[in-house]
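Heads up, query-v3.pdb below (PDB, C-alpha atoms):
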ATOM      1  CA  MET A   1     -29.817   1.043 -52.262
ATOM      2  CA  ASN A   2     -28.333   3.155 -55.037
ATOM      3  CA  LYS A   3     -31.178   5.664 -54.631
ATOM      4  CA  LEU A   4     -30.315   5.989 -50.946
ATOM      5  CA  PHE A   5     -26.630   6.505 -51.708
ATOM      6  CA  MET A   6     -27.370   9.020 -54.433
ATOM      7  CA  SER A   7     -29.608  10.989 -52.076
ATOM      8  CA  LEU A   8     -26.567  11.623 -49.876
ATOM      9  CA  ARG A   9     -25.395  14.301 -52.291
ATOM     10  CA  HIS A  10     -27.860  16.637 -50.512
ATOM     11  CA  GLY A  11     -26.950  18.133 -47.148
ATOM     12  CA  ASN A  12     -30.393  17.625 -45.630
ATOM     13  CA  ALA A  13     -30.303  13.931 -46.609
ATOM     14  CA  ARG A  14     -26.860  13.515 -45.040
ATOM     15  CA  ARG A  15     -28.110  15.073 -41.812
ATOM     16  CA  GLU A  16     -31.179  12.812 -41.781
ATOM     17  CA  PHE A  17     -29.038   9.734 -42.481
ATOM     18  CA  ARG A  18     -26.567  10.598 -39.716
ATOM     19  CA  ALA A  19     -29.409  11.169 -37.241
ATOM     20  CA  ASP A  20     -30.833   7.646 -37.704
ATOM     21  CA  GLU A  21     -29.171   5.468 -40.322
ATOM     22  CA  ALA A  22     -31.487   2.491 -39.801
ATOM     23  CA  ALA A  23     -34.599   4.650 -40.227
ATOM     24  CA  TYR A  24     -33.111   6.159 -43.374
ATOM     25  CA  CYS A  25     -32.545   2.660 -44.775
ATOM     26  CA  ARG A  26     -36.179   1.788 -44.029
ATOM     27  CA  LYS A  27     -37.299   4.991 -45.760
ATOM     28  CA  PHE A  28     -35.670   3.698 -48.957
ATOM     29  CA  GLY A  29     -37.025   0.158 -48.561
ATOM     30  CA  LEU A  30     -33.654  -1.579 -48.255
ATOM     31  CA  SER A  31     -33.720  -5.309 -47.652
ATOM     32  CA  ALA A  32     -32.337  -6.692 -44.409
ATOM     33  CA  GLU A  33     -29.112  -7.674 -46.227
ATOM     34  CA  GLN A  34     -28.739  -4.238 -47.790
ATOM     35  CA  THR A  35     -29.400  -2.537 -44.473
ATOM     36  CA  THR A  36     -26.870  -4.716 -42.667
ATOM     37  CA  ALA A  37     -24.246  -4.011 -45.332
ATOM     38  CA  THR A  38     -24.931  -0.270 -45.257
ATOM     39  CA  LEU A  39     -24.970   0.081 -41.478
ATOM     40  CA  GLY A  40     -21.892  -2.153 -41.143
ATOM     41  CA  ARG A  41     -20.074  -0.379 -43.956
ATOM     42  CA  ASP A  42     -19.482  -3.719 -45.634
ATOM     43  CA  TRP A  43     -18.368  -2.190 -48.921
ATOM     44  CA  GLN A  44     -17.951  -5.491 -50.750
ATOM     45  CA  ALA A  45     -21.401  -6.682 -49.681
ATOM     46  CA  MET A  46     -22.906  -3.409 -50.914
ATOM     47  CA  LEU A  47     -21.284  -3.990 -54.292
ATOM     48  CA  ASP A  48     -22.375  -7.634 -54.358
ATOM     49  CA  LEU A  49     -25.957  -6.600 -53.542
ATOM     50  CA  GLY A  50     -26.144  -4.358 -56.588
ATOM     51  CA  GLY A  51     -24.604  -1.140 -55.391
ATOM     52  CA  SER A  52     -22.719   0.939 -57.924
ATOM     53  CA  ILE A  53     -19.229   1.915 -56.809
ATOM     54  CA  PHE A  54     -20.008   5.483 -57.855
ATOM     55  CA  TYR A  55     -23.053   5.578 -55.578
ATOM     56  CA  ILE A  56     -21.414   3.627 -52.748
ATOM     57  CA  TYR A  57     -18.709   6.282 -52.822
ATOM     58  CA  LYS A  58     -21.279   8.883 -51.678
ATOM     59  CA  LEU A  59     -21.531   6.956 -48.397
ATOM     60  CA  ALA A  60     -17.779   6.437 -48.159
ATOM     61  CA  MET A  61     -17.252  10.188 -48.510
ATOM     62  CA  MET A  62     -19.476  10.729 -45.480
ATOM     63  CA  ASP A  63     -17.052   8.539 -43.541
ATOM     64  CA  GLY A  64     -14.055  10.491 -44.844
ATOM     65  CA  LEU A  65     -12.914   7.673 -47.134
ATOM     66  CA  SER A  66     -11.420   8.077 -50.589
ATOM     67  CA  LEU A  67     -12.255   6.387 -53.859
ATOM     68  CA  GLN A  68      -8.748   4.907 -53.701
ATOM     69  CA  TYR A  69      -9.672   3.346 -50.358
ATOM     70  CA  LEU A  70     -12.692   1.666 -51.975
ATOM     71  CA  GLY A  71     -10.545   0.611 -54.924
ATOM     72  CA  GLY A  72      -8.242  -1.095 -52.466
ATOM     73  CA  VAL A  73     -11.130  -2.831 -50.718
ATOM     74  CA  PHE A  74     -12.524  -4.122 -54.007
ATOM     75  CA  THR A  75      -9.150  -5.370 -55.237
ATOM     76  CA  GLY A  76      -7.758  -6.808 -52.007
ATOM     77  CA  MET A  77      -5.147  -4.074 -51.678
ATOM     78  CA  SER A  78      -4.515  -1.455 -49.062
ATOM     79  CA  GLU A  79      -5.318   2.120 -50.023
ATOM     80  CA  ALA A  80      -1.590   2.833 -50.338
ATOM     81  CA  GLU A  81      -1.032  -0.224 -52.534
ATOM     82  CA  PHE A  82      -3.956   0.737 -54.759
ATOM     83  CA  LYS A  83      -2.672   4.301 -55.129
ATOM     84  CA  ALA A  84       0.804   3.023 -55.974
ATOM     85  CA  ALA A  85      -0.615   0.625 -58.565
ATOM     86  CA  MET A  86      -2.600   3.424 -60.211
ATOM     87  CA  LEU A  87       0.420   5.720 -60.267
ATOM     88  CA  ALA A  88       2.436   2.912 -61.864
ATOM     89  CA  GLY A  89      -0.048   2.662 -64.716
ATOM     90  CA  GLY A  90      -2.815   0.517 -63.274
ATOM     91  CA  ARG A  91      -3.292  -2.970 -62.031
ATOM     92  CA  THR A  92      -1.848  -5.848 -63.953
ATOM     93  CA  ASP A  93      -3.623  -9.160 -63.496
ATOM     94  CA  VAL A  94      -1.250 -11.719 -64.915
TER      95      VAL A  94
END

Do you think you could lay out the structure here as structure tokens?
Amino acid sequence: MNKLFMSLRHGNARREFRADEAAYCRKFGLSAEQTTATLGRDWQAMLDLGGSIFYIYKLAMMDGLSLQYLGGVFTGMSEAEFKAAMLAGGRTDV
């Protein structure tokens, strides 16, 4: 899965992925769970299935999403809440 995400740094790979996402997942040998998570943009499932946030972000960028958006997803915050927490010095888990 991470290899697929990392490939998206190349324009030709992004075009191929956009043309047929399911076929692109098959090309990289993703499991059914990984494919479902990728096609459904289930960010948490991608992380749980071994995806690196830095590689998952390559896919999020294709959808016009920010790293702060993903940070919010992974911490149960909205993007705005996550940004505010970072600007205030980071999350505090008390």

Point to revise | Two-atom distance - atom CA of Lys83 of chain A, atom CA of Ser7 of chain A (Å) | key: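 Atom CA of Ser7 of chain A lies 27.9 Å from atom CA of Lys83 of chain A.
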
Exercise for review: Point out the residue among A:Tyr69, A:Phe17, A:Tyr55, A:Phe74 with the least atom-to-atom distance to Phe5 of chain A, counting all atoms listed in the file.
Suggested key: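 Ranking A:Tyr69, A:Phe17, A:Tyr55, A:Phe74 by distance to Phe5 of chain A, first place goes to A:Tyr55.
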
Review point. Could you pull the residues within 12 Å of Arg15 of chain A, counting all atoms listed in the file, minus those fewer than 6 positions along the same chain, as number ranges by chain?
Key: A: 7-9, 21, 24, 62

Practice item. Have a look at A:Ala88, A:Leu30, A:Ala80, A:Met6 and name the one nearest to Met61 of chain A; count all atoms listed in the file. Key: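 Ranking A:Ala88, A:Leu30, A:Ala80, A:Met6 by distance to Met61 of chain A, first place goes to A:Met6.
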
Exercise for review: Do a neighbour search on Phe28 of chain A at 8 Å with all atoms listed in the file, toss out local chain neighbours closer than 6 positions, and write the hits as a PyMOL selection string.
Suggested key: chain A and resi 1+3-4

**Study point:** Pick from A:Ser31, A:Phe54, A:Ala60, A:Ala84 nearest to Arg14 of chain A, counting only C-alpha atoms
**Key:**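 Looking at the shortest contact to Arg14 of chain A, the residue is A:Ala60.
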
Exercise for review: Give me, please, the distance in Å between atom CA of Leu59 of chain A and atom CA of Asp42 of chain A, quoted to one decimal.
Suggested key: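 For atom CA of Leu59 of chain A relative to atom CA of Asp42 of chain A, the distance reads 11.2 Å.
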
Excluding same-chain residues fewer than 5 positions from Gly50 of chain A, what lies within 10 Å of it counting all atoms listed in the file, as a PDB file with C-alpha atoms, keeping the file's coordinate frame?
ATOM      1  CA  MET A   1     -29.817   1.043 -52.262  1.00  0.00           C
ATOM      2  CA  ASN A   2     -28.333   3.155 -55.037  1.00  0.00           C
ATOM      3  CA  GLN A  34     -28.739  -4.238 -47.790  1.00  0.00           C
ATOM      4  CA  ALA A  45     -21.401  -6.682 -49.681  1.00  0.00           C
TER       5      ALA A  45
END

Review point. Which residue, A:Ala37, A:Cys25, A:Ile56, A:Met86, has the smallest gap to Gln68 of chain A when you use all atoms listed in the file?
Key: A:Met86

Exercise for review: Record the distance separating atom CA of Tyr57 of chain A and atom CA of Thr38 of chain A, expressed in Å with one decimal.
Suggested key: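 One can read the atom CA of Tyr57 of chain A to atom CA of Thr38 of chain A distance as 11.8 Å.
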
Check your understanding: Which one is closest to Leu70 of chain A: A:Gln44, A:Gly51, A:Ala85, A:Gly29? Count only C-alpha atoms.
Key ->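 Between A:Gln44, A:Gly51, A:Ala85, A:Gly29, the residue approaching Leu70 of chain A most closely is A:Gln44.
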